[in-house]
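Q: Enclosed is the structure file work_22.cif (mmCIF, C-alpha atoms).
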```cif
data_protein
#
loop_
_atom_site.group_PDB
_atom_site.id
_atom_site.type_symbol
_atom_site.label_atom_id
_atom_site.label_comp_id
_atom_site.auth_asym_id
_atom_site.auth_seq_id
_atom_site.Cartn_x
_atom_site.Cartn_y
_atom_site.Cartn_z
ATOM 1 C CA MET A 1 -31.019 -14.329 -2.199
ATOM 2 C CA MET A 2 -30.325 -12.455 0.967
ATOM 3 C CA ARG A 3 -29.593 -15.686 2.835
ATOM 4 C CA THR A 4 -27.803 -18.898 1.940
ATOM 5 C CA HIS A 5 -31.008 -20.787 1.164
ATOM 6 C CA CYS A 6 -31.999 -18.456 -1.702
ATOM 7 C CA PRO A 7 -32.226 -19.811 -5.268
ATOM 8 C CA LYS A 8 -28.988 -19.854 -7.210
ATOM 9 C CA ARG A 9 -30.428 -17.760 -10.059
ATOM 10 C CA LYS A 10 -31.127 -14.875 -7.685
ATOM 11 C CA ARG A 11 -27.730 -15.236 -5.996
ATOM 12 C CA ASP A 12 -25.918 -15.194 -9.360
ATOM 13 C CA LEU A 13 -27.704 -12.057 -10.492
ATOM 14 C CA PHE A 14 -27.049 -9.976 -7.414
ATOM 15 C CA LEU A 15 -23.497 -11.166 -6.839
ATOM 16 C CA SER A 16 -22.851 -9.270 -10.066
ATOM 17 C CA ILE A 17 -23.258 -5.990 -8.197
ATOM 18 C CA GLY A 18 -19.693 -4.746 -7.865
ATOM 19 C CA LEU A 19 -18.081 -8.162 -7.386
ATOM 20 C CA ALA A 20 -18.584 -9.463 -10.908
ATOM 21 C CA VAL A 21 -17.478 -6.144 -12.385
ATOM 22 C CA ALA A 22 -14.157 -6.601 -10.665
ATOM 23 C CA MET A 23 -13.906 -10.268 -11.590
ATOM 24 C CA LEU A 24 -14.548 -9.456 -15.254
ATOM 25 C CA ILE A 25 -11.069 -7.995 -15.325
ATOM 26 C CA TYR A 26 -9.848 -11.550 -15.099
ATOM 27 C CA ALA A 27 -12.634 -13.358 -16.927
ATOM 28 C CA GLY A 28 -12.501 -10.929 -19.830
ATOM 29 C CA ALA A 29 -8.746 -11.173 -20.088
ATOM 30 C CA THR A 30 -8.853 -14.936 -20.513
ATOM 31 C CA ARG A 31 -11.377 -14.691 -23.369
ATOM 32 C CA ALA A 32 -9.929 -11.730 -25.210
ATOM 33 C CA GLU A 33 -9.313 -11.727 -28.949
ATOM 34 C CA THR A 34 -7.445 -9.175 -30.969
ATOM 35 C CA GLY A 35 -9.520 -6.468 -32.585
ATOM 36 C CA PRO A 36 -10.401 -2.798 -32.292
ATOM 37 C CA VAL A 37 -12.403 -1.226 -29.507
ATOM 38 C CA THR A 38 -14.902 1.360 -30.674
ATOM 39 C CA THR A 39 -14.879 4.558 -28.629
ATOM 40 C CA PRO A 40 -18.412 5.950 -28.170
ATOM 41 C CA ALA A 41 -18.907 9.068 -30.261
ATOM 42 C CA ALA A 42 -20.218 11.024 -27.292
ATOM 43 C CA ALA A 43 -17.123 10.207 -25.263
ATOM 44 C CA THR A 44 -14.870 11.305 -28.119
ATOM 45 C CA ALA A 45 -16.751 14.579 -28.504
ATOM 46 C CA MET A 46 -16.621 15.138 -24.761
ATOM 47 C CA ALA A 47 -12.856 14.736 -24.700
ATOM 48 C CA ALA A 48 -12.476 17.154 -27.581
ATOM 49 C CA GLN A 49 -14.831 19.847 -26.332
ATOM 50 C CA ASP A 50 -14.589 19.989 -22.574
ATOM 51 C CA ALA A 51 -11.795 20.617 -20.129
ATOM 52 C CA GLU A 52 -11.315 18.104 -17.338
ATOM 53 C CA VAL A 53 -11.196 19.210 -13.709
ATOM 54 C CA LEU A 54 -8.730 16.883 -11.985
ATOM 55 C CA MET A 55 -9.012 16.328 -8.224
ATOM 56 C CA ASP A 56 -7.300 13.935 -5.818
ATOM 57 C CA HIS A 57 -9.769 11.068 -6.244
ATOM 58 C CA ILE A 58 -11.862 11.981 -9.278
ATOM 59 C CA SER A 59 -12.041 14.072 -12.408
ATOM 60 C CA ILE A 60 -15.115 15.936 -13.652
ATOM 61 C CA VAL A 61 -16.172 17.034 -17.128
ATOM 62 C CA THR A 62 -19.128 19.408 -17.539
ATOM 63 C CA LYS A 63 -21.629 19.418 -20.398
ATOM 64 C CA GLY A 64 -25.015 20.860 -21.249
ATOM 65 C CA ALA A 65 -26.867 24.024 -20.344
ATOM 66 C CA GLN A 66 -25.392 26.839 -18.283
ATOM 67 C CA SER A 67 -28.595 27.193 -16.278
ATOM 68 C CA GLY A 68 -30.996 24.888 -14.523
ATOM 69 C CA GLN A 69 -30.265 22.413 -11.749
ATOM 70 C CA THR A 70 -26.878 20.703 -12.106
ATOM 71 C CA VAL A 71 -27.000 16.912 -12.450
ATOM 72 C CA ILE A 72 -23.941 15.002 -11.245
ATOM 73 C CA PHE A 73 -23.468 11.513 -12.713
ATOM 74 C CA ILE A 74 -21.238 9.045 -10.814
ATOM 75 C CA PRO A 75 -20.222 5.728 -12.427
ATOM 76 C CA GLY A 76 -19.720 2.459 -10.591
ATOM 77 C CA LEU A 77 -16.815 0.139 -9.916
ATOM 78 C CA SER A 78 -14.361 -0.029 -12.838
ATOM 79 C CA SER A 79 -16.653 2.074 -15.037
ATOM 80 C CA PRO A 80 -15.654 5.229 -16.930
ATOM 81 C CA ARG A 81 -17.859 8.295 -17.258
ATOM 82 C CA ALA A 82 -18.780 6.902 -20.690
ATOM 83 C CA VAL A 83 -21.166 4.505 -18.940
ATOM 84 C CA TRP A 84 -23.587 7.461 -18.921
ATOM 85 C CA ASP A 85 -23.350 8.108 -22.678
ATOM 86 C CA GLY A 86 -26.875 7.976 -24.034
ATOM 87 C CA SER A 87 -28.255 9.055 -20.650
ATOM 88 C CA TRP A 88 -26.738 12.431 -19.799
ATOM 89 C CA GLU A 89 -27.690 13.834 -23.221
ATOM 90 C CA ALA A 90 -31.364 13.405 -22.313
ATOM 91 C CA VAL A 91 -31.085 16.076 -19.610
ATOM 92 C CA ALA A 92 -28.330 18.304 -21.011
ATOM 93 C CA GLN A 93 -30.682 20.711 -22.768
ATOM 94 C CA ASP A 94 -32.193 21.899 -19.479
ATOM 95 C CA HIS A 95 -29.447 21.049 -16.990
ATOM 96 C CA GLN A 96 -25.751 21.444 -16.605
ATOM 97 C CA VAL A 97 -24.245 17.965 -16.437
ATOM 98 C CA ALA A 98 -21.156 17.057 -14.382
ATOM 99 C CA LEU A 99 -19.697 13.674 -15.365
ATOM 100 C CA VAL A 100 -17.511 12.131 -12.677
ATOM 101 C CA GLN A 101 -14.763 9.587 -13.297
ATOM 102 C CA VAL A 102 -12.796 7.843 -10.546
ATOM 103 C CA ASN A 103 -9.042 8.291 -10.892
ATOM 104 C CA GLY A 104 -7.515 5.007 -12.034
ATOM 105 C CA PHE A 105 -10.528 3.971 -14.109
ATOM 106 C CA ALA A 106 -10.619 4.241 -17.933
ATOM 107 C CA GLY A 107 -6.830 3.922 -18.113
ATOM 108 C CA GLY A 108 -6.237 7.087 -16.079
ATOM 109 C CA GLU A 109 -3.652 7.720 -13.388
ATOM 110 C CA PRO A 110 -4.777 6.512 -9.935
ATOM 111 C CA GLY A 111 -3.885 9.709 -8.076
ATOM 112 C CA ALA A 112 -4.714 9.362 -4.377
ATOM 113 C CA ASN A 113 -6.741 6.186 -4.942
ATOM 114 C CA LEU A 114 -3.859 3.821 -4.222
ATOM 115 C CA GLU A 115 -4.365 4.531 -0.528
ATOM 116 C CA PRO A 116 -7.297 3.547 1.719
ATOM 117 C CA GLY A 117 -10.178 6.006 1.774
ATOM 118 C CA VAL A 118 -11.195 5.845 -1.890
ATOM 119 C CA ILE A 119 -14.952 6.131 -1.356
ATOM 120 C CA ASP A 120 -14.680 8.785 1.355
ATOM 121 C CA GLY A 121 -12.233 10.626 -0.912
ATOM 122 C CA ILE A 122 -14.715 10.570 -3.797
ATOM 123 C CA VAL A 123 -17.425 11.932 -1.484
ATOM 124 C CA ALA A 124 -15.097 14.690 -0.226
ATOM 125 C CA ASP A 125 -14.024 15.688 -3.756
ATOM 126 C CA ILE A 126 -17.598 15.934 -5.028
ATOM 127 C CA ALA A 127 -18.602 18.008 -1.994
ATOM 128 C CA ALA A 128 -15.611 20.316 -2.560
ATOM 129 C CA TYR A 129 -16.495 20.645 -6.251
ATOM 130 C CA ILE A 130 -20.067 21.679 -5.363
ATOM 131 C CA ARG A 131 -18.842 24.255 -2.857
ATOM 132 C CA ASP A 132 -16.024 25.631 -5.000
ATOM 133 C CA ASN A 133 -18.334 26.137 -7.967
ATOM 134 C CA ASN A 134 -21.272 27.511 -5.954
ATOM 135 C CA ILE A 135 -23.564 24.801 -7.297
ATOM 136 C CA GLU A 136 -27.014 25.108 -5.746
ATOM 137 C CA LYS A 137 -28.474 21.792 -4.551
ATOM 138 C CA PRO A 138 -27.504 19.506 -7.461
ATOM 139 C CA ALA A 139 -29.217 16.262 -8.311
ATOM 140 C CA VAL A 140 -26.856 13.299 -7.906
ATOM 141 C CA ILE A 141 -27.217 10.092 -9.931
ATOM 142 C CA GLY A 142 -24.950 7.163 -9.037
ATOM 143 C CA HIS A 143 -24.687 3.631 -10.401
ATOM 144 C CA SER A 144 -23.497 0.676 -8.312
ATOM 145 C CA MET A 145 -20.591 1.954 -6.173
ATOM 146 C CA GLY A 146 -21.594 5.415 -7.412
ATOM 147 C CA GLY A 147 -24.991 4.833 -5.821
ATOM 148 C CA LEU A 148 -23.298 4.152 -2.508
ATOM 149 C CA VAL A 149 -21.390 7.423 -2.962
ATOM 150 C CA ALA A 150 -24.680 9.235 -3.656
ATOM 151 C CA MET A 151 -26.184 7.904 -0.429
ATOM 152 C CA LYS A 152 -23.066 8.813 1.555
ATOM 153 C CA LEU A 153 -23.179 12.335 0.093
ATOM 154 C CA ALA A 154 -26.820 12.724 1.089
ATOM 155 C CA ILE A 155 -26.072 11.509 4.618
ATOM 156 C CA THR A 156 -22.895 13.513 5.247
ATOM 157 C CA HIS A 157 -23.655 16.655 3.213
ATOM 158 C CA PRO A 158 -27.437 17.126 3.278
ATOM 159 C CA ASP A 159 -26.937 20.877 3.003
ATOM 160 C CA LEU A 160 -25.227 20.511 -0.390
ATOM 161 C CA ILE A 161 -27.383 17.937 -2.208
ATOM 162 C CA GLY A 162 -30.854 18.486 -3.637
ATOM 163 C CA ARG A 163 -31.907 14.934 -4.518
ATOM 164 C CA ILE A 164 -30.365 11.523 -5.235
ATOM 165 C CA LEU A 165 -31.076 8.740 -7.722
ATOM 166 C CA VAL A 166 -29.451 5.434 -6.724
ATOM 167 C CA VAL A 167 -29.049 3.048 -9.662
ATOM 168 C CA ASP A 168 -28.862 -0.654 -8.746
ATOM 169 C CA ALA A 169 -26.978 -0.197 -5.484
ATOM 170 C CA MET A 170 -27.782 -1.293 -1.939
ATOM 171 C CA PRO A 171 -26.830 0.395 1.335
ATOM 172 C CA PHE A 172 -24.801 -2.705 2.362
ATOM 173 C CA PHE A 173 -23.153 -4.859 -0.301
ATOM 174 C CA GLY A 174 -22.566 -7.716 2.134
ATOM 175 C CA THR A 175 -26.280 -8.492 2.106
ATOM 176 C CA VAL A 176 -26.024 -10.031 -1.363
ATOM 177 C CA MET A 177 -23.369 -12.420 -0.059
ATOM 178 C CA GLY A 178 -25.443 -13.507 2.921
ATOM 179 C CA ALA A 179 -23.443 -11.454 5.426
ATOM 180 C CA PRO A 180 -25.438 -9.932 8.308
ATOM 181 C CA ASP A 181 -22.835 -7.301 9.176
ATOM 182 C CA VAL A 182 -19.459 -5.812 8.269
ATOM 183 C CA ALA A 183 -17.485 -8.047 10.615
ATOM 184 C CA SER A 184 -18.694 -11.169 8.821
ATOM 185 C CA ILE A 185 -17.824 -9.907 5.329
ATOM 186 C CA GLU A 186 -14.510 -8.150 6.078
ATOM 187 C CA PRO A 187 -12.235 -11.226 5.865
ATOM 188 C CA ARG A 188 -13.597 -12.141 2.427
ATOM 189 C CA ALA A 189 -13.352 -8.545 1.272
ATOM 190 C CA ALA A 190 -9.732 -8.333 2.407
ATOM 191 C CA GLN A 191 -8.873 -11.611 0.699
ATOM 192 C CA MET A 192 -10.358 -10.410 -2.586
ATOM 193 C CA ARG A 193 -8.556 -7.071 -2.328
ATOM 194 C CA ASP A 194 -5.197 -8.719 -1.713
ATOM 195 C CA MET A 195 -5.683 -11.258 -4.510
ATOM 196 C CA MET A 196 -6.519 -8.554 -7.029
ATOM 197 C CA ILE A 197 -3.591 -6.358 -6.016
ATOM 198 C CA ALA A 198 -1.246 -9.338 -6.383
ATOM 199 C CA ARG A 199 -2.426 -9.774 -9.985
ATOM 200 C CA TYR A 200 -1.978 -6.145 -10.977
ATOM 201 C CA GLU A 201 0.899 -6.718 -13.421
ATOM 202 C CA ALA A 202 -0.749 -9.718 -15.070
ATOM 203 C CA VAL A 203 -4.004 -7.845 -15.560
ATOM 204 C CA ARG A 204 -2.242 -4.756 -16.906
ATOM 205 C CA GLU A 205 -0.524 -6.906 -19.525
ATOM 206 C CA ALA A 206 -3.728 -8.742 -20.441
ATOM 207 C CA ALA A 207 -5.559 -5.420 -20.831
ATOM 208 C CA GLN A 208 -3.443 -4.635 -23.899
ATOM 209 C CA THR A 209 -5.652 -7.060 -25.815
ATOM 210 C CA PRO A 210 -9.285 -5.928 -25.902
ATOM 211 C CA VAL A 211 -12.289 -8.192 -25.519
ATOM 212 C CA THR A 212 -14.180 -8.554 -28.794
ATOM 213 C CA SER A 213 -16.352 -11.623 -28.138
ATOM 214 C CA ASP A 214 -19.061 -12.118 -25.546
ATOM 215 C CA PRO A 215 -17.426 -12.912 -22.164
ATOM 216 C CA GLY A 216 -20.731 -14.131 -20.741
ATOM 217 C CA GLY A 217 -22.054 -13.273 -17.320
ATOM 218 C CA ASN A 218 -25.103 -11.330 -16.183
ATOM 219 C CA LEU A 219 -23.936 -7.749 -15.872
ATOM 220 C CA SER A 220 -25.845 -6.893 -19.047
ATOM 221 C CA MET A 221 -28.584 -8.689 -20.966
ATOM 222 C CA THR A 222 -26.879 -8.251 -24.347
ATOM 223 C CA PRO A 223 -23.578 -9.501 -25.792
ATOM 224 C CA GLU A 224 -22.743 -5.926 -26.825
ATOM 225 C CA GLY A 225 -23.279 -4.685 -23.293
ATOM 226 C CA ARG A 226 -21.181 -7.483 -21.796
ATOM 227 C CA VAL A 227 -18.296 -6.792 -24.181
ATOM 228 C CA LYS A 228 -18.449 -3.085 -23.369
ATOM 229 C CA VAL A 229 -18.422 -3.711 -19.611
ATOM 230 C CA ALA A 230 -15.561 -6.207 -19.913
ATOM 231 C CA ASN A 231 -13.389 -3.700 -21.752
ATOM 232 C CA TRP A 232 -14.175 -0.975 -19.229
ATOM 233 C CA SER A 233 -13.199 -3.363 -16.446
ATOM 234 C CA MET A 234 -9.923 -4.313 -18.073
ATOM 235 C CA GLN A 235 -8.923 -0.661 -18.497
ATOM 236 C CA ALA A 236 -9.373 0.087 -14.785
ATOM 237 C CA ASP A 237 -6.326 0.016 -12.502
ATOM 238 C CA THR A 238 -6.699 -3.240 -10.580
ATOM 239 C CA ARG A 239 -5.159 -1.734 -7.446
ATOM 240 C CA VAL A 240 -7.804 0.990 -7.333
ATOM 241 C CA VAL A 241 -10.591 -1.483 -8.108
ATOM 242 C CA ALA A 242 -9.369 -3.760 -5.320
ATOM 243 C CA GLN A 243 -9.360 -1.038 -2.681
ATOM 244 C CA ALA A 244 -12.676 0.435 -3.842
ATOM 245 C CA LEU A 245 -14.316 -3.001 -3.846
ATOM 246 C CA TYR A 246 -13.053 -3.679 -0.327
ATOM 247 C CA GLU A 247 -14.508 -0.379 0.888
ATOM 248 C CA ASP A 248 -17.783 -0.941 -0.971
ATOM 249 C CA MET A 249 -18.169 -4.375 0.630
ATOM 250 C CA THR A 250 -17.397 -3.109 4.140
ATOM 251 C CA MET A 251 -19.489 0.075 4.140
ATOM 252 C CA ASP A 252 -22.885 -0.321 5.797
ATOM 253 C CA LEU A 253 -25.335 2.576 5.495
ATOM 254 C CA ARG A 254 -28.499 0.670 6.434
ATOM 255 C CA ASP A 255 -28.900 2.437 9.762
ATOM 256 C CA GLN A 256 -28.270 5.843 8.207
ATOM 257 C CA ILE A 257 -30.449 5.997 5.086
ATOM 258 C CA GLY A 258 -33.506 6.753 7.213
ATOM 259 C CA ALA A 259 -31.967 10.175 7.810
ATOM 260 C CA ILE A 260 -32.140 11.046 4.106
ATOM 261 C CA THR A 261 -35.052 13.472 3.830
ATOM 262 C CA MET A 262 -34.365 14.906 0.364
ATOM 263 C CA PRO A 263 -36.087 13.361 -2.678
ATOM 264 C CA PHE A 264 -34.584 9.860 -2.874
ATOM 265 C CA THR A 265 -35.254 7.371 -5.678
ATOM 266 C CA VAL A 266 -33.826 3.885 -6.172
ATOM 267 C CA VAL A 267 -34.041 2.173 -9.563
ATOM 268 C CA TYR A 268 -33.102 -1.484 -9.702
ATOM 269 C CA ALA A 269 -32.722 -4.218 -12.307
ATOM 270 C CA ALA A 270 -35.696 -6.569 -12.623
ATOM 271 C CA GLY A 271 -34.473 -8.953 -15.296
ATOM 272 C CA MET A 272 -35.392 -11.889 -13.037
ATOM 273 C CA GLY A 273 -38.992 -10.651 -12.880
ATOM 274 C CA GLU A 274 -40.418 -7.626 -11.121
ATOM 275 C CA ALA A 275 -42.032 -9.483 -8.213
ATOM 276 C CA GLN A 276 -38.884 -11.465 -7.431
ATOM 277 C CA ALA A 277 -36.659 -8.404 -7.736
ATOM 278 C CA ALA A 278 -38.932 -6.306 -5.531
ATOM 279 C CA ALA A 279 -38.836 -8.985 -2.817
ATOM 280 C CA ILE A 280 -35.057 -8.633 -2.727
ATOM 281 C CA TRP A 281 -34.600 -4.895 -3.190
ATOM 282 C CA GLU A 282 -37.407 -3.253 -1.302
ATOM 283 C CA PRO A 283 -36.483 -4.634 2.157
ATOM 284 C CA GLN A 284 -32.984 -3.193 1.777
ATOM 285 C CA PHE A 285 -34.421 0.332 1.932
ATOM 286 C CA ALA A 286 -37.000 -0.297 4.654
ATOM 287 C CA GLY A 287 -37.196 2.609 7.052
ATOM 288 C CA SER A 288 -36.103 5.116 4.415
ATOM 289 C CA GLN A 289 -38.125 7.476 2.250
ATOM 290 C CA ALA A 290 -36.763 5.958 -0.958
ATOM 291 C CA LYS A 291 -39.106 5.648 -3.900
ATOM 292 C CA MET A 292 -38.451 2.213 -5.403
ATOM 293 C CA VAL A 293 -38.651 1.782 -9.197
ATOM 294 C CA ALA A 294 -38.112 -1.536 -10.988
ATOM 295 C CA ILE A 295 -36.527 -1.460 -14.451
ATOM 296 C CA PRO A 296 -37.796 -4.508 -16.369
ATOM 297 C CA ASP A 297 -35.735 -6.421 -18.905
ATOM 298 C CA SER A 298 -32.444 -5.360 -17.389
ATOM 299 C CA TYR A 299 -29.498 -6.593 -15.371
ATOM 300 C CA HIS A 300 -26.969 -4.558 -13.391
ATOM 301 C CA PHE A 301 -26.067 -2.141 -16.209
ATOM 302 C CA LEU A 302 -29.719 -1.281 -16.613
ATOM 303 C CA MET A 303 -29.021 2.007 -18.415
ATOM 304 C CA LEU A 304 -27.523 -0.083 -21.236
ATOM 305 C CA ASP A 305 -30.151 -2.827 -21.214
ATOM 306 C CA ASN A 306 -33.372 -0.814 -21.021
ATOM 307 C CA ARG A 307 -32.407 2.770 -21.707
ATOM 308 C CA GLU A 308 -35.975 3.881 -22.451
ATOM 309 C CA ALA A 309 -37.254 2.781 -19.037
ATOM 310 C CA PHE A 310 -34.224 4.254 -17.300
ATOM 311 C CA LEU A 311 -34.639 7.606 -19.067
ATOM 312 C CA THR A 312 -38.298 7.687 -18.056
ATOM 313 C CA ALA A 313 -37.380 7.011 -14.433
ATOM 314 C CA MET A 314 -34.650 9.656 -14.567
ATOM 315 C CA ALA A 315 -37.073 12.227 -16.016
ATOM 316 C CA ASP A 316 -39.595 11.466 -13.258
ATOM 317 C CA PHE A 317 -36.821 11.845 -10.672
ATOM 318 C CA LEU A 318 -35.802 15.262 -12.020
ATOM 319 C CA ASP A 319 -39.363 16.528 -12.485
#
```
In structure tokens, what does this structure look like?
A:
Amino acid sequence: MMRTHCPKRKRDLFLSIGLAVAMLIYAGATRAETGPVTTPAAATAMAAQDAEVLMDHISIVTKGAQSGQTVIFIPGLSSPRAVWDGSWEAVAQDHQVALVQVNGFAGGEPGANLEPGVIDGIVADIAAYIRDNNIEKPAVIGHSMGGLVAMKLAITHPDLIGRILVVDAMPFFGTVMGAPDVASIEPRAAQMRDMMIARYEAVREAAQTPVTSDPGGNLSMTPEGRVKVANWSMQADTRVVAQALYEDMTMDLRDQIGAITMPFTVVYAAGMGEAQAAAIWEPQFAGSQAKMVAIPDSYHFLMLDNREAFLTAMADFLD
């Protein structure tokens, strides 16, 4: 999968990381049918009970205990904080939970995210939030692009972070597209960014009609999961997604993750089979101290597909 000769099944699965989330904005729009979208009960309760801290690039809602290590959850490309519903509750009794959402996702205003520097801005906002609230060495859990943010936080602010859990994210996205370095992937990344920005108005109009039937794809193993992800994608501001995707594709942390000395766990989807998945994922973190954990029976949104295994891995990470 890491090179052009890899089997198509592997390539299709790992191209879903980030790229397919963005493309679902378009694929989902073409397959949409009229019908209601069900808002998760936990997300509704969260909106009703908790004030939102709005920053330049993100917003944060806190839940859970007032003592114990704080756990910061960061969603991935196009995803709302609701992607963690069913996961954050498992730790909220013993930890304060901070649920991040990128401005421009979930139908929100884009804030500063219409300009370059989205990922670095997210990192800076989370670091400022930790400092401003005197949070002592939080655990950071990030999915997809959020996993890249978690690694960047650990590299640039090792004094602030206690431990990181990276969920189905690699230190260099270009690897899954056969690119050896940033220079070789940048033209494609720029082309995708510009194409998506050009379609902003069309996507915004299409997003008025929710997806109610299975859009297909391999972001989740279930039709319900794929419909949920498609609707999340359609509600994200395409301009923000485009810029964030460009930055995700052109950020290479491979030479820096070896400097992460805090507890560092990577969980990855193993729906293709654990041996095959390990052969792809484990080399990406060579030279680091990352503990690698395969999540069987799952694709990219592994917390939706195999929640029990993910919760077990998360509990082990926080132990």
Q: To verify the selection step, state as a PyMOL selection string which residues the PyMOL selection byres ((chain A and resi 203) around 9) yields on this input.
A: chain A and resi 25-26+29+196+199-202+204-208+234+237-238
Q: Can you give me, as a PyMOL selection string, the residues this file yields under the PyMOL selection byres ((chain A and resi 107-114) around 6)?
A: chain A and resi 56-57+103-106+115+118+235-236+240
Q: Listing only residues of segment 269-304 of chain A within 12 Å of segment 143-147 of chain A, what is the closest atom pair and its distance in Å (to one decimal) for each, using all atoms listed in the file, sorted by chain and residue number ascending, as CSV?
A:
```
residue,atom,partner,partner_atom,distance
A:Ala269,CA,A:Ser144,CA,11.2
A:Tyr299,CA,A:Ser144,CA,11.8
A:His300,CA,A:Ser144,CA,8.1
A:Phe301,CA,A:His143,CA,8.3
A:Leu302,CA,A:His143,CA,9.4
A:Met303,CA,A:His143,CA,9.3
A:Leu304,CA,A:His143,CA,11.8
```
Q: Report the residues retrieved by the PyMOL selection byres ((chain A and resi 172) around 7) from the displayed file, expressed as a ChimeraX atom specification.
A: /A:170-171,173-175,251-254
Q: Compile the contact shell of Gln289 of chain A as a list in words: residues with an atom at most 9 Å away, counting only C-alpha atoms, same-chain residues fewer than 2 positions apart removed.
A: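 Returned residues: Ile257, Gly258, Ala259, Ile260, Thr261, Met262, Pro263, Phe264, Thr265, Phe285, Ala286, Gly287 and Lys291 of chain A.
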Q: Please tabulate, as a tab-separated table, the residues of segment 66-167 of chain A that come within 9 Å of segment 307-318 of chain A, each with its closest pair of atoms and the distance in Å to one decimal, counting all atoms listed in the file and ordering rows by chain, then residue number upward.
A:
```
residue	atom	partner	partner_atom	distance
A:Val71	CA	A:Leu318	CA	9.0
A:Gly86	CA	A:Arg307	CA	7.9
A:Ser87	CA	A:Leu311	CA	6.7
A:Ala90	CA	A:Leu311	CA	7.4
A:Val91	CA	A:Ala315	CA	8.0
A:Ala139	CA	A:Leu318	CA	7.6
A:Ile141	CA	A:Met314	CA	8.8
A:Arg163	CA	A:Leu318	CA	8.5
A:Ile164	CA	A:Phe317	CA	8.4
A:Leu165	CA	A:Phe317	CA	7.2
```
Q: For each of A:Ala275, A:Ala294, A:Met151, A:Ala190, take the minimum atom-to-atom distance to Asn306 of chain A, counting all atoms listed in the file, then give the residue where this is smallest.
A: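 Closest residue, counting all atoms listed in the file: A:Ala294.
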Q: Point out the residue among A:Val100, A:Val241, A:Ile155, A:Ala290 with the least atom-to-atom distance to Arg193 of chain A, counting only C-alpha atoms.
A: A:Val241
Q: Let me make sure I understand: among A:Ile126, A:Glu136, A:Glu282, A:Ile161, which one has the smallest atom-to-atom distance to Ile74 of chain A if we use all atoms listed in the file?
A: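 For Ile74 of chain A, the nearest of the given residues is A:Ile126.
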Q: One decimal, in Å: what's the spacing between atom CA of Ala169 of chain A and atom CA of Thr70 of chain A?
A: 21.9 Å
